[in-house]
>>> print(open('work25.txt').read())   # compact mmCIF, C-alpha atoms
# COMPACT_ATOMS: atom_id res chain seq x y z
CA MET R 13 100.67 88.70 108.33
CA ALA R 14 103.67 89.35 106.08
CA SER R 15 103.57 92.61 104.18
CA VAL R 16 103.38 92.55 100.38
CA GLN R 17 106.56 93.69 98.66
CA LEU R 18 105.60 96.56 96.38
CA ASP R 19 107.57 95.88 93.23
CA LEU R 20 107.45 94.33 89.79
CA ILE R 21 110.04 91.57 89.57
CA ALA R 22 111.50 89.59 86.69
CA GLN R 23 113.46 86.55 87.80
CA ASN R 24 115.81 84.54 85.56
CA ILE R 25 114.04 85.54 82.33
CA SER R 26 115.27 83.90 79.12
CA VAL R 27 113.94 84.49 75.60
CA GLN R 28 115.04 82.91 72.33
CA PHE R 29 114.07 83.81 68.76
CA GLU R 30 114.67 80.92 66.34
CA GLY R 31 117.59 79.72 68.40
CA LEU R 32 119.05 83.18 68.96
CA LYS R 33 119.20 84.00 72.66
CA ALA R 34 117.76 87.50 73.21
CA LEU R 35 117.73 87.33 77.02
CA SER R 36 119.61 84.94 79.29
CA ASN R 37 118.67 84.57 82.98
CA VAL R 38 117.84 88.25 83.41
CA SER R 39 116.58 89.40 86.80
CA LEU R 40 115.33 92.91 87.55
CA ALA R 41 113.16 94.62 90.16
CA ILE R 42 111.12 97.83 89.85
CA PRO R 43 110.08 99.20 93.26
CA ARG R 44 106.98 101.37 93.64
CA GLY R 45 107.60 105.10 93.96
CA SER R 46 111.15 105.05 92.59
CA ILE R 47 112.85 105.36 89.20
CA THR R 48 114.92 102.41 88.01
CA GLY R 49 117.15 102.60 84.94
CA LEU R 50 117.85 100.07 82.21
CA ILE R 51 120.67 100.83 79.79
CA GLY R 52 122.77 98.96 77.28
CA PRO R 53 124.08 99.13 73.70
CA ASN R 54 121.80 98.67 70.70
CA GLY R 55 120.63 95.08 70.44
CA ALA R 56 121.27 94.35 74.12
CA GLY R 57 117.70 93.10 74.67
CA LYS R 58 116.16 96.09 76.47
CA THR R 59 112.94 96.29 74.47
CA THR R 60 112.55 92.50 74.58
CA LEU R 61 112.67 92.70 78.37
CA ILE R 62 110.04 95.46 78.41
CA ASN R 63 107.87 93.35 76.12
CA VAL R 64 108.13 90.42 78.53
CA LEU R 65 107.31 92.57 81.56
CA THR R 66 104.24 94.01 79.86
CA GLY R 67 102.83 90.86 78.27
CA PHE R 68 103.77 91.57 74.65
CA GLN R 69 106.32 88.74 74.61
CA GLN R 70 106.27 85.44 76.46
CA ALA R 71 109.44 84.28 78.16
CA GLY R 72 110.74 80.81 77.50
CA HIS R 73 112.03 80.54 81.06
CA GLY R 74 111.75 82.47 84.32
CA THR R 75 109.05 84.13 86.38
CA ILE R 76 107.45 87.56 86.66
CA ALA R 77 105.72 88.71 89.83
CA LEU R 78 103.55 91.79 90.36
CA GLU R 79 103.57 92.59 94.08
CA GLY R 80 103.70 88.91 94.94
CA GLU R 81 101.31 87.68 92.22
CA THR R 82 102.79 85.57 89.44
CA ILE R 83 101.83 87.19 86.12
CA LYS R 84 103.86 85.26 83.58
CA GLY R 85 101.63 84.38 80.62
CA ILE R 86 99.04 87.11 81.30
CA SER R 87 98.12 89.15 78.22
CA ALA R 88 99.19 92.76 77.76
CA HIS R 89 95.58 93.93 77.99
CA LYS R 90 95.03 92.22 81.35
CA LEU R 91 98.35 93.47 82.70
CA ARG R 92 97.35 97.05 81.88
CA HIS R 93 94.19 96.52 83.93
CA LYS R 94 96.39 95.25 86.76
CA GLY R 95 98.40 98.48 86.66
CA VAL R 96 101.38 97.78 84.39
CA ALA R 97 101.62 100.47 81.69
CA ARG R 98 104.21 101.32 79.07
CA THR R 99 105.15 103.63 76.25
CA PHE R 100 106.60 102.62 72.88
CA GLN R 101 109.55 104.00 70.94
CA SER R 102 107.22 104.81 68.05
CA GLY R 103 104.54 106.51 70.17
CA ARG R 104 101.66 104.51 68.65
CA LEU R 105 99.09 107.28 68.97
CA PHE R 106 95.82 107.29 67.04
CA ARG R 107 97.03 109.85 64.54
CA GLU R 108 93.58 110.75 63.13
CA LEU R 109 92.14 111.49 66.59
CA PRO R 110 92.58 114.61 68.75
CA ILE R 111 94.80 114.33 71.81
CA VAL R 112 91.87 114.33 74.22
CA ASP R 113 90.34 111.37 72.35
CA ASN R 114 93.65 109.49 72.46
CA LEU R 115 93.56 109.70 76.24
CA GLU R 116 89.82 109.21 76.57
CA VAL R 117 89.82 105.96 74.61
CA THR R 118 92.42 104.59 77.02
CA GLY R 119 90.14 105.38 79.95
CA VAL R 120 87.19 103.68 78.29
CA GLY R 121 89.37 100.66 77.57
CA LEU R 122 90.23 100.51 81.27
CA GLY R 123 86.58 100.39 82.26
CA LEU R 124 85.61 104.05 82.77
CA SER R 125 82.42 105.53 81.39
CA ARG R 126 82.78 108.11 78.62
CA ARG R 127 82.14 110.90 81.12
CA GLU R 128 84.67 109.51 83.60
CA ALA R 129 87.24 108.90 80.87
CA LEU R 130 86.90 112.47 79.57
CA ALA R 131 87.32 113.88 83.09
CA GLU R 132 90.41 111.73 83.66
CA ALA R 133 91.85 112.75 80.27
CA GLU R 134 91.36 116.43 81.07
CA HIS R 135 92.99 115.97 84.48
CA VAL R 136 96.01 114.20 82.96
CA MET R 137 96.42 116.86 80.26
CA ASP R 138 96.30 119.62 82.87
CA TRP R 139 98.83 117.77 85.02
CA LEU R 140 101.22 117.39 82.08
CA GLY R 141 100.72 120.95 80.85
CA ILE R 142 99.32 119.87 77.48
CA ALA R 143 95.70 120.95 77.88
CA HIS R 144 96.21 123.46 75.06
CA LEU R 145 96.77 120.50 72.70
CA ALA R 146 93.46 118.81 73.56
CA ASN R 147 91.85 119.33 70.15
CA THR R 148 95.03 118.93 68.07
CA LEU R 149 95.19 115.85 65.88
CA ALA R 150 97.87 113.47 67.11
CA GLY R 151 99.28 113.20 63.60
CA ALA R 152 99.99 116.94 63.55
CA LEU R 153 102.08 116.98 66.72
CA PRO R 154 105.81 117.68 66.82
CA TYR R 155 107.80 114.64 67.83
CA THR R 156 108.48 115.78 71.39
CA ASP R 157 104.82 116.62 72.09
CA GLU R 158 103.91 113.20 70.74
CA ARG R 159 106.15 111.71 73.43
CA ARG R 160 104.41 113.68 76.18
CA VAL R 161 100.99 112.58 74.94
CA ALA R 162 102.17 108.96 74.92
CA ILE R 163 103.20 109.35 78.56
CA GLY R 164 99.83 110.96 79.31
CA ARG R 165 98.00 108.02 77.82
CA ALA R 166 100.17 105.61 79.83
CA ILE R 167 99.39 107.29 83.17
CA MET R 168 95.65 107.34 82.61
CA CYS R 169 93.94 105.78 85.66
CA LYS R 170 97.23 105.89 87.62
CA PRO R 171 99.00 102.58 86.94
CA ARG R 172 101.21 101.05 89.59
CA TYR R 173 104.17 100.67 87.22
CA LEU R 174 105.23 102.57 84.12
CA LEU R 175 107.87 101.34 81.66
CA LEU R 176 109.23 104.10 79.44
CA ASP R 177 110.93 102.92 76.25
CA GLU R 178 113.36 105.67 75.15
CA PRO R 179 111.05 108.62 75.94
CA ALA R 180 113.82 111.21 75.36
CA ALA R 181 114.78 110.03 71.87
CA GLY R 182 115.15 113.03 69.58
CA MET R 183 114.77 115.59 72.35
CA SER R 184 116.99 118.62 72.89
CA GLU R 185 118.78 119.15 76.20
CA HIS R 186 116.05 121.56 77.33
CA GLU R 187 113.28 119.15 76.36
CA SER R 188 115.05 116.30 78.14
CA HIS R 189 115.24 118.46 81.27
CA GLU R 190 111.48 119.03 81.13
CA LEU R 191 110.92 115.31 80.63
CA ALA R 192 113.08 114.55 83.68
CA SER R 193 110.82 116.76 85.78
CA ILE R 194 107.72 114.91 84.57
CA ILE R 195 109.24 111.50 85.31
CA ARG R 196 110.22 112.58 88.83
CA ARG R 197 106.68 113.79 89.48
CA ILE R 198 105.16 110.56 88.19
CA ALA R 199 107.18 108.58 90.72
CA SER R 200 106.89 110.98 93.66
CA GLU R 201 103.33 112.29 93.35
CA PHE R 202 101.63 109.09 92.19
CA GLY R 203 103.88 106.51 93.84
CA ILE R 204 104.36 104.79 90.47
CA GLY R 205 107.35 102.52 89.96
CA VAL R 206 109.13 103.75 86.81
CA LEU R 207 111.51 101.78 84.61
CA LEU R 208 113.42 104.17 82.35
CA ILE R 209 115.04 102.66 79.26
CA GLU R 210 117.21 105.25 77.56
CA HIS R 211 120.21 105.87 75.31
CA ASN R 212 120.49 109.28 76.97
CA ILE R 213 122.79 107.98 79.70
CA GLY R 214 123.03 111.39 81.37
CA LEU R 215 119.26 111.39 81.92
CA VAL R 216 119.37 107.92 83.45
CA LEU R 217 122.26 108.83 85.76
CA GLU R 218 120.40 111.98 86.83
CA LEU R 219 117.05 110.33 87.57
CA CYS R 220 117.60 106.75 88.66
CA GLU R 221 118.32 105.40 92.11
CA ARG R 222 119.37 102.03 90.72
CA ILE R 223 120.49 101.12 87.21
CA PHE R 224 120.64 97.76 85.44
CA VAL R 225 123.04 97.39 82.51
CA LEU R 226 122.14 94.86 79.84
CA ASP R 227 124.57 93.62 77.19
CA SER R 228 124.09 90.74 74.75
CA GLY R 229 121.00 89.62 76.66
CA GLU R 230 122.67 89.47 80.08
CA ILE R 231 122.78 91.81 83.07
CA ILE R 232 126.43 92.81 83.44
CA GLU R 233 126.16 95.44 86.19
CA VAL R 234 123.61 96.65 88.76
CA GLY R 235 123.98 99.56 91.12
CA PRO R 236 123.56 103.26 91.87
CA PRO R 237 124.79 105.88 89.38
CA ALA R 238 128.25 106.19 90.95
CA GLN R 239 128.86 102.45 90.55
CA ILE R 240 127.71 102.50 86.93
CA ARG R 241 129.98 105.44 86.15
CA SER R 242 133.03 103.63 87.48
CA SER R 243 132.26 100.17 86.09
CA ASP R 244 134.81 98.53 83.80
CA ALA R 245 132.07 96.18 82.55
CA VAL R 246 129.90 99.11 81.44
CA ARG R 247 132.85 100.81 79.74
CA HIS R 248 133.62 97.63 77.85
CA ALA R 249 129.98 97.16 76.77
CA TYR R 250 129.84 100.59 75.18
CA MET R 251 133.32 100.80 73.69
CA GLY R 252 133.15 100.44 69.92
CA THR R 253 129.33 100.75 69.80
CA GLN R 254 128.29 104.19 70.94
CA HIS R 255 131.63 105.42 72.24
CA ASP R 256 131.41 108.98 70.95
CA GLU R 257 127.95 109.73 72.37
CA VAL R 258 128.03 107.66 75.55
CA ILE R 259 131.48 108.24 76.95
CA PRO R 260 131.10 112.02 77.41
CA ALA R 261 127.80 111.47 79.22
CA LEU R 262 129.56 109.24 81.74
CA ALA R 263 132.40 111.66 82.45
CA VAL R 264 132.92 112.29 86.16
CA ASP R 265 135.64 114.49 87.62
CA GLY R 266 137.70 114.20 84.48
CA ALA R 267 137.41 110.42 84.31
CA THR R 268 135.34 108.63 81.71
CA VAL R 269 133.55 105.32 81.62
>>> encode(input="work25.txt", output="structure tokens")
Amino acid sequence: MASVQLDLIAQNISVQFEGLKALSNVSLAIPRGSITGLIGPNGAGKTTLINVLTGFQQAGHGTIALEGETIKGISAHKLRHKGVARTFQSGRLFRELPIVDNLEVTGVGLGLSRREALAEAEHVMDWLGIAHLANTLAGALPYTDERRVAIGRAIMCKPRYLLLDEPAAGMSEHESHELASIIRRIASEFGIGVLLIEHNIGLVLELCERIFVLDSGEIIEVGPPAQIRSSDAVRHAYMGTQHDEVIPALAVDGATV
């Protein structure tokens, strides 16, 4: 019997909005237990691709497979039950609820009893080092803690895949370093396949084994960090858009991308 390939795969995905092509024949694979990067200038189509992979947006063309099972057209709610989780750029926490309730409600939504959901929430908070925030209202959290809670909610019940949409936005260098440690642990300790979408290119280069570069709705480069650093296509995609902030992050041995 052939073994099942443990990855989440998008194949030739195309999306149009009122005639405007947001994605054009995009293919991407997220293996279990590893961290894959997705980068690109603003408006490249990164969040649209996440939305397609997690059931929030239907593709006009192409296929999506979850460990061999075709999942195109399945709702976001059902995909979460199948083990595909995500975070959002805006956090989307229940701001009037304490942190523990934000996590607990996710567990209940995934089929746990209240007792089981509370136990899982407490375990996740301990694992993330945020147990001291359990009774803090989500709306009172600093921005960076809000990001950690969003990740905690996403890893409730140990999904198979986790898609992180700009989790380091607004973080200091020290906070980004702490986030990198958490992402590594998610992949290594839980065997979760992580897709990291970030404008912090240094973080992506540090964490990811393989990086996809999206520009104007198309994949223009795929490879390990060293290949991305040296790519003329990547340099061209960023020149004139985020040159000042991106180019220094891609500096290697005096050369810049």
>>> residues_around(input="work25.txt", residues="range 25-31 of chain R", least_positions_apart="6", cutoff="10 Å", atoms="all atoms listed in the file", output="list in words")
Asn37, Val38, Ser39, Leu40, Gly57, Thr60, Leu61, Val64, Leu65, Gln69, Gln70, Ala71, Gly72, His73, Gly74, Thr75, Ile76, Gly229 and Glu230 of chain R
>>> atom_distance(input="work25.txt", atom1="CA of Glu116 in chain R", atom2="CA of Ala180 in chain R")
24.1 Å
>>> residues_near_point(input="work25.txt", point="(120.9, 95.5, 77.2)", cutoff="12 Å", atoms="all atoms listed in the file", output="JSON, numbers by chain")
{"R": [34, 35, 36, 38, 49, 50, 51, 52, 53, 54, 55, 56, 57, 58, 59, 60, 61, 62, 209, 210, 211, 223, 224, 225, 226, 227, 228, 229, 230, 231, 232, 233, 234, 246, 249, 250]}
>>> atom_distance(input="work25.txt", atom1="CA of Trp139 in chain R", atom2="CA of Thr118 in chain R")
16.7 Å
>>> residues_around(input="work25.txt", residues="range 158-174 of chain R", least_positions_apart="5", cutoff="6 Å", atoms="only C-alpha atoms", output="MDAnalysis selection string")
chainID R and resid 95:98 103 115 153 204:206
>>> residues_around(input="work25.txt", residues="Ala146 in chain R", least_positions_apart="6", cutoff="9 Å", atoms="all atoms listed in the file", output="ChimeraX atom specification")
/R:110-113,134,137
>>> residues_around(input="work25.txt", residues="Leu91 in chain R", least_positions_apart="5", cutoff="10 Å", atoms="all atoms listed in the file", output="number ranges by chain")
R: 65-68, 78, 83-86, 96-97
>>> write_last_selection(input="work25.txt", atoms="C-alpha atoms", output="PDB file, keeping the file's coordinate frame")
ATOM      1  CA  LEU R  65     107.310  92.570  81.560  1.00  0.00           C
ATOM      2  CA  THR R  66     104.240  94.010  79.860  1.00  0.00           C
ATOM      3  CA  GLY R  67     102.830  90.860  78.270  1.00  0.00           C
ATOM      4  CA  PHE R  68     103.770  91.570  74.650  1.00  0.00           C
ATOM      5  CA  LEU R  78     103.550  91.790  90.360  1.00  0.00           C
ATOM      6  CA  ILE R  83     101.830  87.190  86.120  1.00  0.00           C
ATOM      7  CA  LYS R  84     103.860  85.260  83.580  1.00  0.00           C
ATOM      8  CA  GLY R  85     101.630  84.380  80.620  1.00  0.00           C
ATOM      9  CA  ILE R  86      99.040  87.110  81.300  1.00  0.00           C
ATOM     10  CA  VAL R  96     101.380  97.780  84.390  1.00  0.00           C
ATOM     11  CA  ALA R  97     101.620 100.470  81.690  1.00  0.00           C
TER      12      ALA R  97
END
>>> closest_residue(input="work25.txt", among="R:Gln239, R:Asn63, R:Ser46, R:Gln23", to="Phe202 in chain R", atoms="all atoms listed in the file")
R:Ser46
>>> residues_near_point(input="work25.txt", point="(107.0, 119.6, 80.8)", cutoff="8 Å", atoms="all atoms listed in the file", output="PyMOL selection string")
chain R and resi 140-141+160+187+190-191+193-194
>>> write_last_selection(input="work25.txt", atoms="C-alpha atoms", output="tab-separated table (two decimals), in the frame of the given file")
chain	number	residue	atom	x	y	z
R	140	LEU	CA	101.22	117.39	82.08
R	141	GLY	CA	100.72	120.95	80.85
R	160	ARG	CA	104.41	113.68	76.18
R	187	GLU	CA	113.28	119.15	76.36
R	190	GLU	CA	111.48	119.03	81.13
R	191	LEU	CA	110.92	115.31	80.63
R	193	SER	CA	110.82	116.76	85.78
R	194	ILE	CA	107.72	114.91	84.57
>>> closest_residue(input="work25.txt", among="R:Gly151, R:Gly203, R:Gly235, R:Gly45", to="Leu217 in chain R", atoms="all atoms listed in the file")
R:Gly235
>>> residues_around(input="work25.txt", residues="Ala192 in chain R", least_positions_apart="5", cutoff="12 Å", atoms="only C-alpha atoms", output="count of residues only")
23
>>> atom_distance(input="work25.txt", atom1="CA of Leu105 in chain R", atom2="CA of Ala150 in chain R")
6.6 Å
>>> axis_aligned_box(input="work25.txt", around="range 99-115 of chain R", padding_each_side="3 Å", output="lines of an AutoDock Vina configuration file")
center_x = 99.9
center_y = 108.6
center_z = 69.7
size_x = 25.2
size_y = 18.0
size_z = 19.1
>>> closest_residue(input="work25.txt", among="R:Thr48, R:Arg196, R:Gly182, R:Asp157", to="Pro237 in chain R", atoms="only C-alpha atoms")
R:Thr48
>>> closest_residue(input="work25.txt", among="R:Ile213, R:His248, R:Arg241, R:Leu175", to="Gln101 in chain R", atoms="all atoms listed in the file")
R:Leu175
>>> decode(input="work25.txt", residues="range 151-249 of chain R", atoms="C-alpha atoms", output="tab-separated table (two decimals), in the first residue's frame")
chain	number	residue	atom	x	y	z
R	151	GLY	CA	-9.29	43.68	24.68
R	152	ALA	CA	-6.83	44.81	27.36
R	153	LEU	CA	-3.83	42.97	25.93
R	154	PRO	CA	-0.80	44.65	24.39
R	155	TYR	CA	-0.55	44.00	20.68
R	156	THR	CA	2.24	41.42	20.93
R	157	ASP	CA	0.46	39.39	23.63
R	158	GLU	CA	-2.64	39.45	21.46
R	159	ARG	CA	-0.59	37.77	18.74
R	160	ARG	CA	0.55	35.02	21.10
R	161	VAL	CA	-3.01	34.38	22.24
R	162	ALA	CA	-4.13	34.14	18.61
R	163	ILE	CA	-1.46	31.49	18.03
R	164	GLY	CA	-2.59	29.70	21.20
R	165	ARG	CA	-6.15	29.59	19.95
R	166	ALA	CA	-4.96	28.27	16.58
R	167	ILE	CA	-3.01	25.36	18.11
R	168	MET	CA	-5.87	24.23	20.32
R	169	CYS	CA	-6.44	20.49	19.75
R	170	LYS	CA	-3.14	20.23	17.81
R	171	PRO	CA	-4.00	20.90	14.15
R	172	ARG	CA	-2.00	19.23	11.41
R	173	TYR	CA	-1.26	22.52	9.63
R	174	LEU	CA	-0.99	26.09	10.85
R	175	LEU	CA	-0.98	29.13	8.56
R	176	LEU	CA	0.38	32.26	10.24
R	177	ASP	CA	-0.58	35.54	8.58
R	178	GLU	CA	2.06	38.14	9.56
R	179	PRO	CA	2.38	37.06	13.21
R	180	ALA	CA	5.43	39.32	13.82
R	181	ALA	CA	3.81	42.54	12.61
R	182	GLY	CA	4.56	45.35	15.05
R	183	MET	CA	6.99	43.29	17.13
R	184	SER	CA	10.41	44.43	18.31
R	185	GLU	CA	13.52	42.43	17.44
R	186	HIS	CA	13.44	40.76	20.87
R	187	GLU	CA	9.75	39.89	20.55
R	188	SER	CA	10.33	38.50	17.05
R	189	HIS	CA	13.10	36.30	18.45
R	190	GLU	CA	10.71	34.91	21.06
R	191	LEU	CA	8.10	34.31	18.37
R	192	ALA	CA	10.66	32.43	16.26
R	193	SER	CA	11.26	30.07	19.18
R	194	ILE	CA	7.53	29.39	19.52
R	195	ILE	CA	7.13	28.68	15.80
R	196	ARG	CA	10.07	26.26	15.83
R	197	ARG	CA	8.55	24.40	18.78
R	198	ILE	CA	5.16	24.19	17.09
R	199	ALA	CA	6.72	22.43	14.11
R	200	SER	CA	9.20	20.24	15.99
R	201	GLU	CA	7.26	19.24	19.11
R	202	PHE	CA	3.82	18.83	17.55
R	203	GLY	CA	4.80	17.83	14.01
R	204	ILE	CA	2.62	20.62	12.63
R	205	GLY	CA	3.25	21.90	9.11
R	206	VAL	CA	3.64	25.69	9.38
R	207	LEU	CA	3.21	28.24	6.61
R	208	LEU	CA	4.74	31.55	7.68
R	209	ILE	CA	3.59	34.64	5.79
R	210	GLU	CA	5.68	37.63	6.83
R	211	HIS	CA	7.02	41.03	5.83
R	212	ASN	CA	9.83	40.42	8.32
R	213	ILE	CA	12.05	38.77	5.72
R	214	GLY	CA	14.83	38.13	8.24
R	215	LEU	CA	12.46	36.00	10.33
R	216	VAL	CA	11.42	33.98	7.29
R	217	LEU	CA	15.02	33.42	6.20
R	218	GLU	CA	15.91	32.33	9.74
R	219	LEU	CA	13.05	29.87	10.22
R	220	CYS	CA	12.04	28.40	6.89
R	221	GLU	CA	13.47	25.42	5.08
R	222	ARG	CA	11.75	26.38	1.84
R	223	ILE	CA	10.38	29.75	0.75
R	224	PHE	CA	7.85	30.66	-1.93
R	225	VAL	CA	7.93	34.19	-3.34
R	226	LEU	CA	4.68	35.59	-4.68
R	227	ASP	CA	4.45	38.71	-6.85
R	228	SER	CA	1.41	40.03	-8.72
R	229	GLY	CA	-0.43	36.77	-8.05
R	230	GLU	CA	2.29	34.48	-9.41
R	231	ILE	CA	5.04	32.41	-7.82
R	232	ILE	CA	8.30	33.89	-9.09
R	233	GLU	CA	10.82	31.92	-7.01
R	234	VAL	CA	10.91	28.81	-4.81
R	235	GLY	CA	13.85	27.52	-2.83
R	236	PRO	CA	15.88	27.47	0.37
R	237	PRO	CA	16.95	30.73	2.04
R	238	ALA	CA	20.28	30.93	0.20
R	239	GLN	CA	18.53	30.77	-3.17
R	240	ILE	CA	16.02	33.44	-2.18
R	241	ARG	CA	18.80	35.74	-0.98
R	242	SER	CA	20.60	35.52	-4.31
R	243	SER	CA	17.55	35.67	-6.59
R	244	ASP	CA	17.37	38.44	-9.19
R	245	ALA	CA	13.61	37.84	-9.45
R	246	VAL	CA	13.13	38.48	-5.72
R	247	ARG	CA	15.28	41.61	-5.86
R	248	HIS	CA	13.22	42.93	-8.74
R	249	ALA	CA	9.91	42.19	-6.97
